Amino acid sequence: MILPSGPTDHPVTHVALSSLERSGLQVALFDPAAVASIRGGARLNLIDADDSGTLKHVVALDDYPDALWRAVAPTLVDAPAPTSAPVTLANLYASRAVPDPQQRACFIALTPVEPEAALEADYPDALDRRDAIGARIHCMHQLRWLNDIVAFLPPGTLSQSGWQAAAQQIDQPEGPCWAPELLLRRRSLFHDPKLDRAAALIREIEASLWIACDAPFGAGQDFDAYRAGLFSQVMADACALGILHDDDDRQFAVVTDALEAAGHDWRNAGPIILPAAIAA
């Protein structure tokens with residue numbers, strides 16, 4: 001379950017531009033002769049003072065004619081080598097793709113280092129209090145080099161400072177610098193990834209059990225309270241229960257054993273959704 005580097009669940013309709021690039025398009029729209037200057041690297045920041053090069057503007061492809069986008073493409077993106085078939089405008093600007101600002105994300109996908117930074121920003125004394133949040137921060141810290149464990153957080157989970165801290169941990173794509181809020185936007189999910197969310201939840205329980213049992217990494221945090229919260233989420237997640245019911249090879253035995261030890265009758269809990277039904 002490797003996190004994709006860019007958006008994959010929506011068509012490319014909006015792209016990220018720097019202030020200078022957006023200004024160049026605006027000028028070229030009314031003065032086509034300016035395209036040659038733009039492609040030659042002319043600095044058109046006379047109408048936009050920000051020349052930092054940071055990508056922080058979301059612009060719809062429909063806002064400008066296709067011919068204009070194609071004319072300035074070599075300045076904005078690495079255009080593919082000439083091919084026999086024409087490259088669509090969406091594919092040409094795929095590296096700059098961001099979701100439509102009018103879409104409302106239901107989840108933001110984060111790798112362990114990102115929620116670690118976000119929770120530390122929102123709860124700066126959690127590690128000192130040694131509470132459940134501190135335990136999750138500690139767990140995420142130990143998993144920071146494993147980018148296949150993903151947290152799917154609803155947008156309202158963190159404060160603006162927390163999201164900003166998470167975004168600052170996201171690896172920058174090659175090329176121009178992206179503003180943190182646009183990096184986060186590229187992690188937005190606009191559907192409910194039931195199977196991925198349930199699998200990530202089970203993996204997080206596994207990780208919390210491993211860390212709590214390893215004396216050097218215990219750190220005195222309240223892993224019992226942290227894990228109790230995860231158990232509650234599993235018992236309320238029909239897809240997670242389905243994964244556990246469908247686990248013929250006992251891959252998740254450590255999780256089910258821990259659930260039973262904590263008094264959770266997961267075998268008779270319901271409703272459940274079997275993973276095969278989700279995958280179909």
# chains A, B, ... in the order shown; residues from 1 in each chain; ligands from 1
$ select_by_dssp --residues "range 60-280 of chain A" --states "helix (DSSP H, G or I)" --output "VMD selection string"
chain A and resid 61 to 63 66 to 76 89 to 92 94 to 96 113 to 122 126 to 129 132 to 142 155 to 157 160 to 167 180 to 185 194 to 213 215 to 218 223 to 235 238 to 245 253 to 261 266 to 268 275 to 279
$ closest_atom_pairs --of "range 158-235 of chain A" --to "range 116-119 of chain A" --cutoff "10 Å" --atoms "only C-alpha atoms" --output "JSON lines"
{"residue": "A:Leu158", "atom": "CA", "partner": "A:Ala118", "partner_atom": "CA", "distance": 7.3}
{"residue": "A:Ser159", "atom": "CA", "partner": "A:Ala118", "partner_atom": "CA", "distance": 8.6}
{"residue": "A:Gln160", "atom": "CA", "partner": "A:Ala118", "partner_atom": "CA", "distance": 9.4}
{"residue": "A:Ser161", "atom": "CA", "partner": "A:Ala118", "partner_atom": "CA", "distance": 7.6}
{"residue": "A:Gly162", "atom": "CA", "partner": "A:Ala118", "partner_atom": "CA", "distance": 4.1}
{"residue": "A:Trp163", "atom": "CA", "partner": "A:Ala118", "partner_atom": "CA", "distance": 6.0}
{"residue": "A:Gln164", "atom": "CA", "partner": "A:Ala118", "partner_atom": "CA", "distance": 7.5}
{"residue": "A:Ala165", "atom": "CA", "partner": "A:Ala118", "partner_atom": "CA", "distance": 5.1}
{"residue": "A:Ala166", "atom": "CA", "partner": "A:Ala118", "partner_atom": "CA", "distance": 4.9}
{"residue": "A:Ala167", "atom": "CA", "partner": "A:Ala118", "partner_atom": "CA", "distance": 8.5}
{"residue": "A:Gln168", "atom": "CA", "partner": "A:Ala117", "partner_atom": "CA", "distance": 8.7}
{"residue": "A:Gln169", "atom": "CA", "partner": "A:Ala117", "partner_atom": "CA", "distance": 7.5}
$ write_last_selection --atoms "N, CA, C and O atoms" --output "PDB file, in the first residue's frame"
ATOM      1  N   LEU A 158      -7.179  17.697  12.579  1.00  0.00           N
ATOM      2  CA  LEU A 158      -6.066  18.507  13.070  1.00  0.00           C
ATOM      3  C   LEU A 158      -6.390  19.983  12.922  1.00  0.00           C
ATOM      4  O   LEU A 158      -7.233  20.385  12.124  1.00  0.00           O
ATOM      5  N   SER A 159      -5.667  20.787  13.687  1.00  0.00           N
ATOM      6  CA  SER A 159      -5.776  22.230  13.525  1.00  0.00           C
ATOM      7  C   SER A 159      -5.006  22.655  12.278  1.00  0.00           C
ATOM      8  O   SER A 159      -4.270  21.862  11.674  1.00  0.00           O
ATOM      9  N   GLN A 160      -5.140  23.915  11.913  1.00  0.00           N
ATOM     10  CA  GLN A 160      -4.400  24.412  10.755  1.00  0.00           C
ATOM     11  C   GLN A 160      -2.899  24.278  10.979  1.00  0.00           C
ATOM     12  O   GLN A 160      -2.152  23.928  10.061  1.00  0.00           O
ATOM     13  N   SER A 161      -2.455  24.516  12.210  1.00  0.00           N
ATOM     14  CA  SER A 161      -1.036  24.373  12.527  1.00  0.00           C
ATOM     15  C   SER A 161      -0.590  22.923  12.379  1.00  0.00           C
ATOM     16  O   SER A 161       0.520  22.645  11.908  1.00  0.00           O
ATOM     17  N   GLY A 162      -1.463  21.991  12.793  1.00  0.00           N
ATOM     18  CA  GLY A 162      -1.144  20.578  12.665  1.00  0.00           C
ATOM     19  C   GLY A 162      -1.008  20.155  11.210  1.00  0.00           C
ATOM     20  O   GLY A 162      -0.044  19.468  10.844  1.00  0.00           O
ATOM     21  N   TRP A 163      -1.959  20.584  10.376  1.00  0.00           N
ATOM     22  CA  TRP A 163      -1.878  20.247   8.957  1.00  0.00           C
ATOM     23  C   TRP A 163      -0.645  20.868   8.323  1.00  0.00           C
ATOM     24  O   TRP A 163       0.020  20.255   7.480  1.00  0.00           O
ATOM     25  N   GLN A 164      -0.317  22.100   8.732  1.00  0.00           N
ATOM     26  CA  GLN A 164       0.873  22.765   8.191  1.00  0.00           C
ATOM     27  C   GLN A 164       2.121  21.980   8.558  1.00  0.00           C
ATOM     28  O   GLN A 164       3.012  21.776   7.723  1.00  0.00           O
ATOM     29  N   ALA A 165       2.192  21.509   9.808  1.00  0.00           N
ATOM     30  CA  ALA A 165       3.346  20.725  10.239  1.00  0.00           C
ATOM     31  C   ALA A 165       3.440  19.419   9.465  1.00  0.00           C
ATOM     32  O   ALA A 165       4.535  18.974   9.099  1.00  0.00           O
ATOM     33  N   ALA A 166       2.283  18.792   9.200  1.00  0.00           N
ATOM     34  CA  ALA A 166       2.281  17.551   8.415  1.00  0.00           C
ATOM     35  C   ALA A 166       2.772  17.814   6.998  1.00  0.00           C
ATOM     36  O   ALA A 166       3.598  17.055   6.465  1.00  0.00           O
ATOM     37  N   ALA A 167       2.276  18.897   6.396  1.00  0.00           N
ATOM     38  CA  ALA A 167       2.639  19.196   5.007  1.00  0.00           C
ATOM     39  C   ALA A 167       4.130  19.476   4.869  1.00  0.00           C
ATOM     40  O   ALA A 167       4.734  19.158   3.835  1.00  0.00           O
ATOM     41  N   GLN A 168       4.729  20.051   5.896  1.00  0.00           N
ATOM     42  CA  GLN A 168       6.159  20.365   5.819  1.00  0.00           C
ATOM     43  C   GLN A 168       7.031  19.114   5.811  1.00  0.00           C
ATOM     44  O   GLN A 168       8.217  19.182   5.482  1.00  0.00           O
ATOM     45  N   GLN A 169       6.439  17.963   6.171  1.00  0.00           N
ATOM     46  CA  GLN A 169       7.183  16.703   6.154  1.00  0.00           C
ATOM     47  C   GLN A 169       7.057  15.965   4.825  1.00  0.00           C
ATOM     48  O   GLN A 169       7.761  14.983   4.593  1.00  0.00           O
TER      49      GLN A 169
END
$ closest_residue --among "A:Leu201, A:Leu153, A:Ile133, A:Ala238" --to "Ser188 in chain A" --atoms "only C-alpha atoms"
A:Leu153
$ select_by_dssp --residues "range 46-101 of chain A" --states "strand (DSSP E)" --output "PyMOL selection string"
chain A and resi 57-60+97-98
$ closest_atom_pairs --of "range 58-134 of chain A" --to "range 20-33 of chain A" --cutoff "9 Å" --atoms "only C-alpha atoms" --output "JSON lines"
{"residue": "A:Val59", "atom": "CA", "partner": "A:Arg22", "partner_atom": "CA", "distance": 8.0}
{"residue": "A:Tyr64", "atom": "CA", "partner": "A:Leu29", "partner_atom": "CA", "distance": 7.3}
{"residue": "A:Pro65", "atom": "CA", "partner": "A:Leu29", "partner_atom": "CA", "distance": 8.3}
{"residue": "A:Leu68", "atom": "CA", "partner": "A:Leu29", "partner_atom": "CA", "distance": 7.4}
{"residue": "A:Trp69", "atom": "CA", "partner": "A:Leu25", "partner_atom": "CA", "distance": 8.1}
{"residue": "A:Val72", "atom": "CA", "partner": "A:Leu25", "partner_atom": "CA", "distance": 8.0}
{"residue": "A:Thr75", "atom": "CA", "partner": "A:Glu21", "partner_atom": "CA", "distance": 8.6}
{"residue": "A:Leu76", "atom": "CA", "partner": "A:Glu21", "partner_atom": "CA", "distance": 7.5}
$ closest_residue --among "A:Arg187, A:Val254, A:His141, A:Leu274" --to "Trp210 in chain A" --atoms "only C-alpha atoms"
A:Val254
$ residues_around --residues "His245 in chain A" --least-positions-apart "2" --cutoff "12 Å" --atoms "only C-alpha atoms" --output "list in words"
Ala238, Cys239, Ala240, Leu241, Gly242, Ile243, Asp247, Asp248, Asp249, Arg250, Gln251, Phe252, Ala253, Val255, Thr256, Asp265, Trp266, Arg267, Asn268, Ala269, Gly270, Pro271, Ile272, Ile273, Leu274, Pro275 and Ala276 of chain A
$ closest_residue --among "A:Pro112, A:Gly53, A:Gly175, A:Pro101" --to "Asp78 in chain A" --atoms "only C-alpha atoms"
A:Gly175
$ residues_around --residues "range 91-96 of chain A" --least-positions-apart "3" --cutoff "6 Å" --atoms "only C-alpha atoms" --output "list in words"
Val15, Ala16 and Thr88 of chain A
$ closest_residue --among "A:Phe152, A:Phe231, A:Tyr123, A:Trp145" --to "Phe190 in chain A" --atoms "only C-alpha atoms"
A:Phe152
$ closest_residue --among "A:Arg203, A:Gln221, A:Thr13, A:Gln233" --to "Gln103 in chain A" --atoms "only C-alpha atoms"
A:Thr13
